[in-house]
$ cat final_30.tsv   # TSV, C-alpha atoms and all ligand atoms
chain	number	residue	atom	x	y	z
A	1	MET	CA	30.17	28.62	98.42
A	2	GLU	CA	31.83	27.72	95.11
A	3	TYR	CA	30.49	29.04	91.80
A	4	ARG	CA	31.49	27.22	88.61
A	5	CYS	CA	30.19	26.05	85.24
A	6	ALA	CA	28.19	22.81	85.39
A	7	LEU	CA	29.70	19.55	84.11
A	8	LEU	CA	27.87	16.53	82.74
A	9	SER	CA	28.59	14.85	86.09
A	10	ASP	CA	26.32	17.48	87.74
A	11	LEU	CA	23.35	16.47	85.58
A	12	ASP	CA	21.61	14.21	88.14
A	13	ASP	CA	21.88	16.81	90.90
A	14	LEU	CA	20.63	19.54	88.57
A	15	LEU	CA	17.55	17.54	87.58
A	16	HIS	CA	16.87	16.69	91.20
A	17	LEU	CA	16.94	20.42	92.08
A	18	GLU	CA	14.84	21.33	89.03
A	19	ASN	CA	12.11	18.88	90.03
A	20	LYS	CA	12.19	19.97	93.64
A	21	VAL	CA	11.89	23.68	92.84
A	22	PHE	CA	9.56	23.87	89.83
A	23	SER	CA	6.22	22.23	89.17
A	24	THR	CA	5.68	23.49	85.57
A	25	ASP	CA	7.89	24.40	82.59
A	26	MET	CA	10.72	22.19	83.86
A	27	ILE	CA	13.92	21.73	81.91
A	28	SER	CA	14.26	18.14	80.70
A	29	ARG	CA	17.42	16.00	81.06
A	30	ARG	CA	18.06	16.27	77.35
A	31	GLN	CA	17.77	20.08	77.38
A	32	MET	CA	19.89	20.37	80.51
A	33	LYS	CA	22.60	18.26	78.86
A	34	ARG	CA	22.52	20.45	75.78
A	35	PHE	CA	22.75	23.61	77.88
A	36	ILE	CA	25.84	22.25	79.67
A	37	GLN	CA	27.56	21.44	76.38
A	38	SER	CA	26.50	24.30	74.12
A	39	GLU	CA	28.75	27.28	73.55
A	40	HIS	CA	25.63	29.42	73.23
A	41	SER	CA	24.62	28.88	76.86
A	42	MET	CA	26.20	28.95	80.29
A	43	LEU	CA	24.95	26.81	83.13
A	44	LEU	CA	26.43	28.14	86.33
A	45	ILE	CA	26.12	26.24	89.60
A	46	ALA	CA	26.62	27.07	93.27
A	47	CYS	CA	28.02	24.28	95.47
A	48	ALA	CA	28.58	24.06	99.20
A	49	ASP	CA	30.77	21.11	100.25
A	50	ASP	CA	30.08	19.42	96.93
A	51	LYS	CA	26.32	19.76	97.44
A	52	LEU	CA	24.46	21.59	94.69
A	53	SER	CA	22.74	24.61	96.24
A	54	GLY	CA	21.59	26.44	93.14
A	55	TYR	CA	22.00	27.09	89.44
A	56	ALA	CA	21.49	29.83	86.86
A	57	LEU	CA	21.18	29.32	83.13
A	58	LEU	CA	22.12	31.98	80.61
A	59	LEU	CA	21.42	31.79	76.88
A	60	PHE	CA	23.40	33.89	74.42
A	61	ASN	CA	21.54	35.06	71.34
A	62	GLN	CA	23.86	35.01	68.35
A	63	ALA	CA	21.96	37.54	66.28
A	64	THR	CA	21.43	40.25	68.90
A	65	GLN	CA	23.23	41.71	71.87
A	66	LEU	CA	20.74	40.04	74.20
A	67	ALA	CA	21.66	37.46	76.79
A	68	ARG	CA	18.72	35.76	78.46
A	69	LEU	CA	18.49	34.46	82.01
A	70	TYR	CA	16.50	31.36	81.15
A	71	SER	CA	16.27	29.97	84.66
A	72	ILE	CA	17.57	30.43	88.19
A	73	ALA	CA	16.87	28.27	91.21
A	74	VAL	CA	18.20	27.95	94.73
A	75	SER	CA	17.57	24.87	96.85
A	76	PRO	CA	15.08	25.67	99.67
A	77	ASP	CA	17.75	24.79	102.33
A	78	PHE	CA	20.00	27.55	101.00
A	79	ARG	CA	17.53	30.36	100.37
A	80	GLY	CA	17.83	33.78	101.94
A	81	GLN	CA	21.65	33.52	102.14
A	82	GLY	CA	22.54	35.52	99.06
A	83	VAL	CA	23.09	32.54	96.72
A	84	GLY	CA	20.53	33.83	94.20
A	85	GLU	CA	22.20	37.23	94.19
A	86	GLN	CA	25.65	35.76	93.71
A	87	LEU	CA	24.45	33.58	90.83
A	88	LEU	CA	22.88	36.62	89.20
A	89	SER	CA	26.03	38.73	89.64
A	90	HIS	CA	28.19	35.98	88.09
A	91	CYS	CA	25.75	35.75	85.17
A	92	GLU	CA	25.90	39.51	84.55
A	93	LYS	CA	29.70	39.44	84.61
A	94	SER	CA	29.86	36.49	82.22
A	95	ALA	CA	27.44	38.15	79.81
A	96	VAL	CA	29.60	41.30	79.70
A	97	GLU	CA	32.75	39.19	79.23
A	98	ARG	CA	31.12	37.62	76.19
A	99	GLY	CA	30.27	41.02	74.73
A	100	TYR	CA	26.59	41.22	75.71
A	101	ILE	CA	25.16	44.48	76.98
A	102	THR	CA	21.58	43.54	77.79
A	103	LEU	CA	20.23	40.82	80.05
A	104	ARG	CA	16.59	39.85	79.67
A	105	LEU	CA	14.37	37.40	81.56
A	106	GLU	CA	10.79	36.25	82.01
A	107	VAL	CA	9.28	35.58	85.41
A	108	ARG	CA	5.83	34.55	86.61
A	109	GLU	CA	3.90	37.61	87.65
A	110	ASP	CA	3.10	35.97	90.99
A	111	ASN	CA	6.73	35.06	91.77
A	112	PHE	CA	7.19	37.78	94.33
A	113	SER	CA	10.61	36.68	95.68
A	114	ALA	CA	12.19	36.35	92.23
A	115	ILE	CA	10.80	39.71	91.07
A	116	LYS	CA	12.20	41.30	94.25
A	117	LEU	CA	15.60	39.78	93.49
A	118	TYR	CA	15.57	41.09	89.91
A	119	GLU	CA	14.40	44.55	90.96
A	120	LYS	CA	17.17	44.70	93.54
A	121	HIS	CA	19.63	44.00	90.71
A	122	GLY	CA	18.28	46.80	88.56
A	123	PHE	CA	15.99	44.89	86.19
A	124	LYS	CA	13.09	46.94	84.86
A	125	PRO	CA	9.73	45.55	83.69
A	126	LEU	CA	9.35	45.60	79.92
A	127	LYS	CA	6.07	43.89	79.18
A	128	THR	CA	3.38	41.60	80.60
A	129	LEU	CA	3.09	38.26	78.77
A	130	ILE	CA	-0.44	36.95	78.90
A	131	HIS	CA	-0.75	33.16	79.53
A	132	TYR	CA	2.98	32.77	79.02
A	133	TYR	CA	3.47	29.66	81.12
A	134	ASP	CA	2.33	26.05	80.66
A	135	ASP	CA	-0.36	26.50	83.33
A	136	LEU	CA	-1.47	29.75	81.57
A	137	ALA	CA	-0.08	31.99	84.30
A	138	ASP	CA	0.96	35.46	83.09
A	139	GLY	CA	4.61	36.34	82.81
A	140	LEU	CA	6.58	39.53	83.20
A	141	ARG	CA	9.49	40.31	80.87
A	142	MET	CA	12.25	42.26	82.59
A	143	GLN	CA	15.48	43.70	81.24
A	144	LYS	CA	18.69	45.23	82.48
A	145	ARG	CA	21.30	47.23	80.60
A	146	LEU	CA	24.62	45.84	81.85
A	147	GLY	CA	27.47	48.14	82.76
A	148	THR	CA	30.48	47.77	80.47
A	149	PRO	CA	34.03	48.55	81.55
A	150	GLY	CA	34.57	51.43	79.07
A	151	PRO	CA	37.05	51.69	76.21
A	152	ARG	CA	40.72	50.87	76.84
A	153	THR	CA	41.88	52.46	73.59
A	154	ALA	CA	39.95	55.54	72.58
A	155	LEU	CA	40.03	58.52	70.28
A	156	THR	CA	39.17	61.87	71.84
A	157	MET	CA	36.14	62.45	69.69
A	158	PRO	CA	33.29	64.89	70.34
A	159	LEU	CA	29.76	63.78	69.50
A	160	TYR	CA	28.21	65.74	66.64
A	161	VAL	CA	24.48	65.16	66.24
A	162	GLN	CA	23.25	65.21	62.63
A	163	THR	CA	20.80	68.04	62.05
A	164	LEU	CA	19.08	66.50	59.01
A	165	PRO	CA	17.74	62.96	58.54
A	166	PHE	CA	20.21	62.18	55.73
A	167	THR	CA	23.48	63.72	57.00
A	168	CYS	CA	24.74	60.87	59.22
A	169	GLY	CA	27.78	60.27	56.98
A	170	ALA	CA	28.72	63.96	56.99
A	171	ALA	CA	28.30	64.14	60.78
A	172	CYS	CA	30.62	61.10	61.15
A	173	LEU	CA	33.23	62.85	58.98
A	174	LEU	CA	33.02	65.99	61.13
A	175	MET	CA	33.57	63.92	64.31
A	176	SER	CA	36.48	62.06	62.71
A	177	PHE	CA	38.17	65.24	61.50
A	178	SER	CA	37.88	66.75	64.96
A	179	ALA	CA	39.35	63.61	66.60
A	180	LEU	CA	42.20	63.68	64.08
A	181	LYS	CA	42.93	67.37	64.85
A	182	HIS	CA	41.69	68.83	61.56
A	183	PRO	CA	40.56	72.46	62.06
A	184	LEU	CA	37.20	72.11	60.26
A	185	ALA	CA	34.62	73.40	62.75
A	186	LEU	CA	31.70	71.23	63.82
A	187	THR	CA	29.04	73.44	62.30
A	188	ARG	CA	25.86	72.85	60.39
A	189	LYS	CA	27.34	74.67	57.40
A	190	ASN	CA	30.22	72.20	57.26
A	191	GLU	CA	27.86	69.27	57.85
A	192	VAL	CA	25.82	70.30	54.80
A	193	GLN	CA	28.95	71.01	52.75
A	194	LEU	CA	30.34	67.51	53.44
A	195	TRP	CA	26.98	65.94	52.64
A	196	ARG	CA	26.86	67.82	49.32
A	197	GLU	CA	30.26	66.37	48.48
A	198	ALA	CA	29.43	62.78	49.41
A	199	THR	CA	25.72	62.26	48.71
A	200	THR	CA	24.30	59.81	46.21
A	201	ILE	CA	21.52	62.41	45.64
A	202	PHE	CA	18.45	60.13	45.93
A	203	MET	CA	17.35	57.57	48.48
A	204	ALA	CA	13.94	55.89	48.68
A	205	GLY	CA	11.47	58.81	48.85
A	206	GLY	CA	13.90	61.47	50.04
A	207	HIS	CA	17.39	62.86	49.83
A	208	GLY	CA	20.28	60.50	49.40
A	209	GLY	CA	22.68	59.62	52.16
A	210	CYS	CA	26.43	59.46	51.65
A	211	SER	CA	28.21	56.58	49.99
A	212	GLY	CA	31.56	55.20	51.14
A	213	GLN	CA	33.11	56.49	47.91
A	214	GLY	CA	31.79	60.02	48.47
A	215	LEU	CA	32.91	60.12	52.12
A	216	ALA	CA	36.37	58.74	51.29
A	217	LEU	CA	36.84	61.45	48.65
A	218	ALA	CA	35.69	64.21	51.03
A	219	ALA	CA	38.24	63.07	53.65
A	220	HIS	CA	41.00	62.74	51.05
A	221	ARG	CA	40.28	66.26	49.80
A	222	ARG	CA	41.12	67.54	53.30
A	223	GLY	CA	44.56	66.00	53.27
A	224	PHE	CA	43.97	62.67	55.03
A	225	ALA	CA	45.32	59.25	54.10
A	226	VAL	CA	42.16	57.25	53.47
A	227	GLU	CA	41.19	53.65	52.77
A	228	LEU	CA	37.83	52.45	51.50
A	229	TRP	CA	36.61	48.95	52.18
A	230	SER	CA	33.56	48.48	50.05
A	231	HIS	CA	32.01	45.12	49.41
A	232	SER	CA	29.16	45.85	47.04
A	233	GLN	CA	27.38	44.48	44.04
A	234	GLY	CA	26.99	47.58	41.90
A	235	THR	CA	25.81	51.03	42.85
A	236	PRO	CA	25.13	51.65	46.55
A	237	PHE	CA	21.49	52.28	47.55
A	238	ILE	CA	20.24	51.91	43.95
A	239	HIS	CA	17.72	49.28	45.08
A	240	SER	CA	16.02	51.72	47.45
A	241	VAL	CA	14.81	53.78	44.47
A	242	ARG	CA	12.20	52.72	41.90
A	243	ASP	CA	12.05	55.74	39.61
A	244	PRO	CA	14.26	55.02	36.55
A	245	VAL	CA	15.32	58.67	36.22
A	246	LYS	CA	16.46	58.79	39.85
A	247	LYS	CA	18.21	55.44	39.38
A	248	SER	CA	20.15	56.79	36.43
A	249	VAL	CA	21.22	59.86	38.43
A	250	ILE	CA	22.46	57.67	41.31
A	251	GLU	CA	24.42	55.59	38.82
A	252	LEU	CA	25.89	58.70	37.22
A	253	VAL	CA	27.02	60.06	40.61
A	254	HIS	CA	28.48	56.69	41.59
A	255	GLU	CA	30.43	56.36	38.34
A	256	ASP	CA	31.77	59.87	38.86
A	257	PHE	CA	32.87	58.97	42.42
A	258	GLU	CA	34.60	55.86	41.05
A	259	ASP	CA	36.40	57.95	38.40
A	260	GLN	CA	37.50	60.47	41.00
A	261	LEU	CA	38.76	57.66	43.26
A	262	GLN	CA	40.93	56.38	40.40
A	263	GLN	CA	42.68	59.76	40.30
A	264	THR	CA	43.67	59.48	43.98
A	265	ASP	CA	45.91	57.21	46.06
A	266	ILE	CA	42.91	55.99	48.09
A	267	LYS	CA	43.29	52.25	48.54
A	268	VAL	CA	40.04	50.45	47.73
A	269	ASN	CA	39.44	46.95	49.08
A	270	THR	CA	36.48	44.97	47.84
A	271	ALA	CA	35.91	43.08	51.06
A	272	PRO	CA	34.31	43.78	54.41
A	273	PRO	CA	36.94	44.32	57.13
A	274	THR	CA	37.56	41.63	59.73
A	275	THR	CA	37.33	42.26	63.48
A	276	GLU	CA	41.13	41.98	63.73
A	277	GLN	CA	41.54	44.59	60.99
A	278	ILE	CA	39.21	47.01	62.77
A	279	GLU	CA	41.11	46.44	66.05
A	280	LEU	CA	44.35	47.31	64.29
A	281	TRP	CA	42.93	50.57	62.92
A	282	ILE	CA	41.77	51.63	66.36
A	283	GLU	CA	45.19	50.78	67.84
A	284	GLN	CA	46.68	53.02	65.12
A	285	GLY	CA	44.42	55.92	66.14
A	286	ALA	CA	42.44	55.91	62.87
A	287	ALA	CA	38.78	56.96	62.64
A	288	VAL	CA	36.61	54.17	61.21
A	289	LEU	CA	33.25	55.00	59.62
A	290	LEU	CA	30.91	52.06	59.14
A	291	LEU	CA	27.72	51.74	57.14
A	292	ILE	CA	25.20	49.79	59.18
A	293	SER	CA	21.59	48.81	58.94
A	294	THR	CA	19.45	50.31	61.68
A	295	PHE	CA	17.31	47.17	61.62
A	296	ARG	CA	18.73	45.67	64.81
A	297	PHE	CA	18.46	48.97	66.64
A	298	ASN	CA	14.98	50.15	65.82
A	299	GLY	CA	13.49	47.70	63.32
A	300	ALA	CA	13.79	50.18	60.42
A	301	LYS	CA	15.91	48.83	57.58
A	302	GLU	CA	17.69	52.07	56.86
A	303	PRO	CA	21.32	52.59	55.96
A	304	HIS	CA	23.15	54.60	58.58
A	305	TRP	CA	26.72	55.73	59.23
A	306	ILE	CA	28.36	55.44	62.64
A	307	VAL	CA	31.94	56.14	63.65
A	308	LEU	CA	34.06	53.97	65.96
A	309	CYS	CA	35.77	55.81	68.78
A	310	GLY	CA	37.31	53.12	70.99
A	311	MET	CA	37.49	49.50	72.12
A	312	ASN	CA	38.41	47.10	74.89
A	313	GLU	CA	38.69	43.30	74.92
A	314	GLN	CA	34.98	42.63	74.45
A	315	PHE	CA	33.49	45.74	72.91
A	316	PHE	CA	33.87	48.33	70.23
A	317	TYR	CA	32.51	51.78	71.09
A	318	PHE	CA	30.91	54.12	68.59
A	319	HIS	CA	29.36	57.54	68.34
A	320	ASP	CA	25.93	57.52	66.73
A	321	PRO	CA	25.16	60.87	65.05
A	322	LEU	CA	21.43	60.14	65.21
A	323	VAL	CA	19.74	61.18	68.45
A	324	GLU	CA	16.09	60.20	68.30
A	325	GLU	CA	14.94	61.71	71.61
A	326	PRO	CA	15.85	65.39	72.01
A	327	GLY	CA	18.22	65.79	74.96
A	328	ASP	CA	19.34	62.15	74.84
A	329	ALA	CA	22.75	62.78	73.28
A	330	VAL	CA	24.50	60.97	76.17
A	331	SER	CA	23.12	57.63	75.04
A	332	ALA	CA	24.45	58.23	71.49
A	333	ALA	CA	28.06	58.74	72.60
A	334	ASN	CA	30.45	55.86	73.30
A	335	VAL	CA	27.80	53.23	72.59
A	336	PRO	CA	29.22	49.76	73.35
A	337	ILE	CA	28.71	46.94	70.87
A	338	GLY	CA	30.02	43.40	71.32
A	339	LYS	CA	32.78	42.67	68.81
A	340	LYS	CA	30.84	39.76	67.30
A	341	ALA	CA	27.62	41.77	67.30
A	342	LEU	CA	29.24	44.47	65.18
A	343	ASN	CA	29.37	41.98	62.31
A	344	GLN	CA	25.59	41.59	62.63
A	345	ILE	CA	24.82	45.27	62.07
A	346	VAL	CA	27.48	46.08	59.48
A	347	GLY	CA	26.20	46.11	55.92
A	348	PHE	CA	22.98	47.16	54.35
A	349	GLY	CA	20.22	45.71	52.21
A	350	LYS	CA	19.61	42.32	50.65
A	351	GLN	CA	22.88	42.67	48.77
A	352	LYS	CA	24.64	43.13	52.15
A	353	HIS	CA	26.41	46.19	50.79
A	354	THR	CA	29.21	46.90	53.24
A	355	ALA	CA	31.21	50.10	53.32
A	356	CYS	CA	33.91	51.19	55.70
A	357	VAL	CA	35.95	54.39	55.43
A	358	VAL	CA	39.21	54.47	57.35
A	359	ILE	CA	40.80	57.87	57.96
A	360	TYR	CA	44.36	57.75	59.25
A	361	PRO	CA	45.84	60.35	61.57
A	362	ASN	CA	48.21	62.73	59.79
A	363	LYS	CA	51.84	61.95	60.49
B	401	LIG	C1	14.21	33.49	93.59
B	401	LIG	C2	15.34	32.70	94.27
B	401	LIG	C3	16.31	32.22	93.19
B	401	LIG	C4	16.08	33.64	95.26
B	401	LIG	O1	17.21	32.94	95.74
B	401	LIG	P1	17.84	33.27	97.19
B	401	LIG	O2	19.21	32.68	97.22
B	401	LIG	O3	16.92	32.88	98.25
B	401	LIG	O4	17.93	34.86	97.14
B	401	LIG	P2	18.93	35.79	97.93
B	401	LIG	O5	19.16	35.25	99.30
B	401	LIG	O6	20.15	36.01	97.11
B	401	LIG	O7	18.07	37.11	98.05
B	401	LIG	C5	18.38	38.26	97.32
B	401	LIG	C6	17.19	39.21	97.26
B	401	LIG	O8	16.09	38.60	96.62
B	401	LIG	C7	14.87	39.03	97.22
B	401	LIG	N1	14.22	37.87	97.85
B	401	LIG	C8	14.69	36.61	97.90
B	401	LIG	N2	13.80	35.83	98.54
B	401	LIG	C9	12.76	36.60	98.90
B	401	LIG	C10	11.53	36.34	99.58
B	401	LIG	N3	11.20	35.12	99.98
B	401	LIG	N4	10.71	37.38	99.76
B	401	LIG	C11	11.02	38.62	99.33
B	401	LIG	N5	12.18	38.91	98.70
B	401	LIG	C12	13.04	37.91	98.47
B	401	LIG	C13	15.26	40.05	98.26
B	401	LIG	O9	15.27	41.30	97.62
B	401	LIG	C14	16.68	39.63	98.59
B	401	LIG	O10	17.45	40.68	99.08
B	401	LIG	P3	17.42	41.04	100.65
B	401	LIG	O11	17.77	39.79	101.36
B	401	LIG	O12	18.44	42.13	100.78
B	401	LIG	O13	16.03	41.49	100.94
B	401	LIG	C15	14.80	31.50	95.07
B	401	LIG	O14	13.78	31.96	95.91
B	401	LIG	C16	14.24	30.37	94.24
B	401	LIG	O15	14.98	29.48	93.83
B	401	LIG	N6	12.94	30.39	93.96
B	401	LIG	C17	12.31	29.31	93.23
B	401	LIG	C18	12.73	29.27	91.78
B	401	LIG	C19	12.30	30.52	91.09
B	401	LIG	O16	11.25	31.04	91.31
B	401	LIG	N7	13.16	30.99	90.19
B	401	LIG	C20	12.93	32.16	89.39
B	401	LIG	C21	12.37	31.76	88.09
B	401	LIG	S1	12.16	33.20	87.07

$ encode --input "final_30.tsv" --output "structure tokens"
Amino acid sequence: MEYRCALLSDLDDLLHLENKVFSTDMISRRQMKRFIQSEHSMLLIACADDKLSGYALLLFNQATQLARLYSIAVSPDFRGQGVGEQLLSHCEKSAVERGYITLRLEVREDNFSAIKLYEKHGFKPLKTLIHYYDDLADGLRMQKRLGTPGPRTALTMPLYVQTLPFTCGAACLLMSFSALKHPLALTRKNEVQLWREATTIFMAGGHGGCSGQGLALAAHRRGFAVELWSHSQGTPFIHSVRDPVKKSVIELVHEDFEDQLQQTDIKVNTAPPTTEQIELWIEQGAAVLLLISTFRFNGAKEPHWIVLCGMNEQFFYFHDPLVEEPGDAVSAANVPIGKKALNQIVGFGKQKHTACVVIYPNK
């Protein structure tokens, strides 16, 4: 059996198979053609002696890390011979190669054989979709977290879990210092100390998080060569606060950080870093702190600091100081993120305020 990407010359055979296998929700010729040609989809086919025996269609969502198995079908003459499984395995591999970590699909709730196939491959049910199909049949949404190969270049960095809701930046500094062999212990006292040095004081209703300026200064103070890449329109996080008095304090703190930065040799770039630039830093063994929006993770539009700890061809890996479920620290360490997808989460707020603090290893 040969497995390859479909060509326009396979279109007739594909439509023939589609019409033979499905009676509702069929893919039209026009759609099939688009799926063959688009760079946001992959139409994989299985052929035996030039005869089409099956296909699988993957869609790649540009805005998330989700790839979607839109359809899979095996010709009745070839069923029960492992073709479906092979198609699925190829799809999972291709999704990982493109930097996707989650594969999602929808299946009719009464499609016993397909559900068995997905369960065998480790898909878990997510949600029932009432009247999802054209004939009003219910659907089942299933999802699988794909295995990624692990970082090729990595910093030896312990995970430090922030102990307060607003100390993510300080926790990232502690992890970076430890990876870069600085003796500062990973303690709550030091976490709070670093936060006090880098905070913008106020944020929305509560305490302020750390700004890139504040974190860069705290790292510089401990003897590191530091770069700050900050692409912002004005004072960071000022828009999260309404109270004019609080606003003026945030501005005051920010101006002070800017003045202090001027007194140092910290290089400040007013641009977001490119993927290639980040790759270079990791190759150099630097710790890279990034301000992200948690929106794509949990729907909350909160600013949050993470620290990169490795990479391979497709993924960056980061430590997330925030552990939402007690005892779930494992899932916060070495979290893979597709290189393109990182661009989607970097930056915060309508102003797309980006901040990146690069801490170089001491020579
Ligand atoms: C679902 C489908 C793609 C499976 O293709 P296939 O090549 O026959 O599947 P495989 O031979 O690779 O079987 C792999 C596993 O799937 C499950 N499976 C496949 N056919 C099954 C059946 N008729 N009954 C129960 N389990 C079945 C089994 O777990 C099987 O593993 P096993 O042989 O170790 O028990 C095929 O039946 C098909 O094209 N169905 C119609 C189209 C369709 O429903 N597509 C899914 C839309 S969401």

$ residues_near_ligand --input "final_30.tsv" --ligand "ligand LIG 401 (chain B)" --cutoff "6 Å" --atoms "only C-alpha atoms and all ligand atoms" --output "short mmCIF file (atom, residue, chain, number, x, y, z; two decimals) with C-alpha atoms, keeping the file's coordinate frame"
data_model
loop_
_atom_site.label_atom_id
_atom_site.label_comp_id
_atom_site.auth_asym_id
_atom_site.auth_seq_id
_atom_site.Cartn_x
_atom_site.Cartn_y
_atom_site.Cartn_z
CA VAL A 21 11.89 23.68 92.84
CA SER A 71 16.27 29.97 84.66
CA ILE A 72 17.57 30.43 88.19
CA ALA A 73 16.87 28.27 91.21
CA VAL A 74 18.20 27.95 94.73
CA ARG A 79 17.53 30.36 100.37
CA GLY A 80 17.83 33.78 101.94
CA GLN A 81 21.65 33.52 102.14
CA GLY A 82 22.54 35.52 99.06
CA VAL A 83 23.09 32.54 96.72
CA GLY A 84 20.53 33.83 94.20
CA GLU A 85 22.20 37.23 94.19
CA VAL A 107 9.28 35.58 85.41
CA SER A 113 10.61 36.68 95.68
CA ALA A 114 12.19 36.35 92.23
CA LYS A 116 12.20 41.30 94.25
CA LEU A 117 15.60 39.78 93.49
CA LYS A 120 17.17 44.70 93.54
#

$ residues_around --input "final_30.tsv" --residues "Ile27 (chain A)" --least-positions-apart "5" --cutoff "8 Å" --atoms "all atoms listed in the file" --output "ChimeraX atom specification"
/A:15,18,32

$ write_last_selection --input "final_30.tsv" --atoms "C-alpha atoms" --output "compact mmCIF listing (two decimals), keeping the file's coordinate frame"
# COMPACT_ATOMS: atom_id res chain seq x y z
CA LEU A 15 17.55 17.54 87.58
CA GLU A 18 14.84 21.33 89.03
CA MET A 32 19.89 20.37 80.51

$ closest_residue --input "final_30.tsv" --among "A:Ala204, A:Ala341, A:Leu87, A:Val268" --to "Lys246 (chain A)" --atoms "only C-alpha atoms"
A:Ala204

$ closest_residue --input "final_30.tsv" --among "A:Phe60, A:Tyr70, A:Phe35, A:Phe202" --to "Ile101 (chain A)" --atoms "all atoms listed in the file"
A:Phe60

$ atom_distance --input "final_30.tsv" --atom1 "CA of Phe22 (chain A)" --atom2 "CA of Ser75 (chain A)"
10.7 Å

$ residues_near_point --input "final_30.tsv" --point "(23.9, 65.8, 71.8)" --cutoff "7 Å" --atoms "only C-alpha atoms" --output "VMD selection string"
chain A and resid 159 to 161 327 to 330

$ atom_distance --input "final_30.tsv" --atom1 "CA of Leu105 (chain A)" --atom2 "CA of Leu140 (chain A)"
8.2 Å

$ closest_residue --input "final_30.tsv" --among "A:Met142, A:Ala171, A:Ala185, A:Ala271" --to "Glu227 (chain A)" --atoms "only C-alpha atoms"
A:Ala271

$ residues_around --input "final_30.tsv" --residues "region 147-150 of chain A" --least-positions-apart "2" --cutoff "8 Å" --atoms "all atoms listed in the file" --output "ChimeraX atom specification"
/A:96,101,145,152,311-312,336

$ residues_around --input "final_30.tsv" --residues "Leu174 (chain A)" --least-positions-apart "4" --cutoff "8 Å" --atoms "all atoms listed in the file" --output "ChimeraX atom specification"
/A:160,170,178,184-186,190-191

$ residues_around --input "final_30.tsv" --residues "Val241 (chain A)" --least-positions-apart "4" --cutoff "12 Å" --atoms "only C-alpha atoms" --output "ChimeraX atom specification"
/A:200-208,235-237,245-251

$ atom_distance --input "final_30.tsv" --atom1 "CA of Glu119 (chain A)" --atom2 "CA of Ile36 (chain A)"
27.5 Å

$ closest_residue --input "final_30.tsv" --among "A:Ile345, A:Met42, A:Leu180, A:Val253" --to "Thr294 (chain A)" --atoms "all atoms listed in the file"
A:Ile345

$ closest_residue --input "final_30.tsv" --among "A:Leu215, A:Leu103, A:Val226, A:Cys356" --to "Gln277 (chain A)" --atoms "all atoms listed in the file"
A:Cys356

$ closest_residue --input "final_30.tsv" --among "A:Asn362, A:Thr156, A:Thr354, A:Gln344" --to "Gly234 (chain A)" --atoms "only C-alpha atoms"
A:Thr354

$ residues_around --input "final_30.tsv" --residues "His319 (chain A)" --least-positions-apart "2" --cutoff "6 Å" --atoms "only C-alpha atoms" --output "ChimeraX atom specification"
/A:307,332-334

$ residues_near_point --input "final_30.tsv" --point "(-1.6, 38.2, 85.0)" --cutoff "9 Å" --atoms "only C-alpha atoms" --output "list of chain:residue names"
A:Arg108, A:Glu109, A:Asp110, A:Thr128, A:Leu129, A:Ile130, A:His131, A:Ala137, A:Asp138, A:Gly139, A:Leu140

$ write_last_selection --input "final_30.tsv" --atoms "C-alpha atoms" --output "PDB file, in the coordinates of the input"
ATOM      1  CA  ARG A 108       5.830  34.550  86.610  1.00  0.00           C
ATOM      2  CA  GLU A 109       3.900  37.610  87.650  1.00  0.00           C
ATOM      3  CA  ASP A 110       3.100  35.970  90.990  1.00  0.00           C
ATOM      4  CA  THR A 128       3.380  41.600  80.600  1.00  0.00           C
ATOM      5  CA  LEU A 129       3.090  38.260  78.770  1.00  0.00           C
ATOM      6  CA  ILE A 130      -0.440  36.950  78.900  1.00  0.00           C
ATOM      7  CA  HIS A 131      -0.750  33.160  79.530  1.00  0.00           C
ATOM      8  CA  ALA A 137      -0.080  31.990  84.300  1.00  0.00           C
ATOM      9  CA  ASP A 138       0.960  35.460  83.090  1.00  0.00           C
ATOM     10  CA  GLY A 139       4.610  36.340  82.810  1.00  0.00           C
ATOM     11  CA  LEU A 140       6.580  39.530  83.200  1.00  0.00           C
TER      12      LEU A 140
END

$ axis_aligned_box --input "final_30.tsv" --around "region 30-36 of chain A" --padding-each-side "4 Å" --output "lines of an AutoDock Vina configuration file"
center_x = 21.8
center_y = 19.9
center_z = 78.1
size_x = 16.1
size_y = 15.3
size_z = 12.7
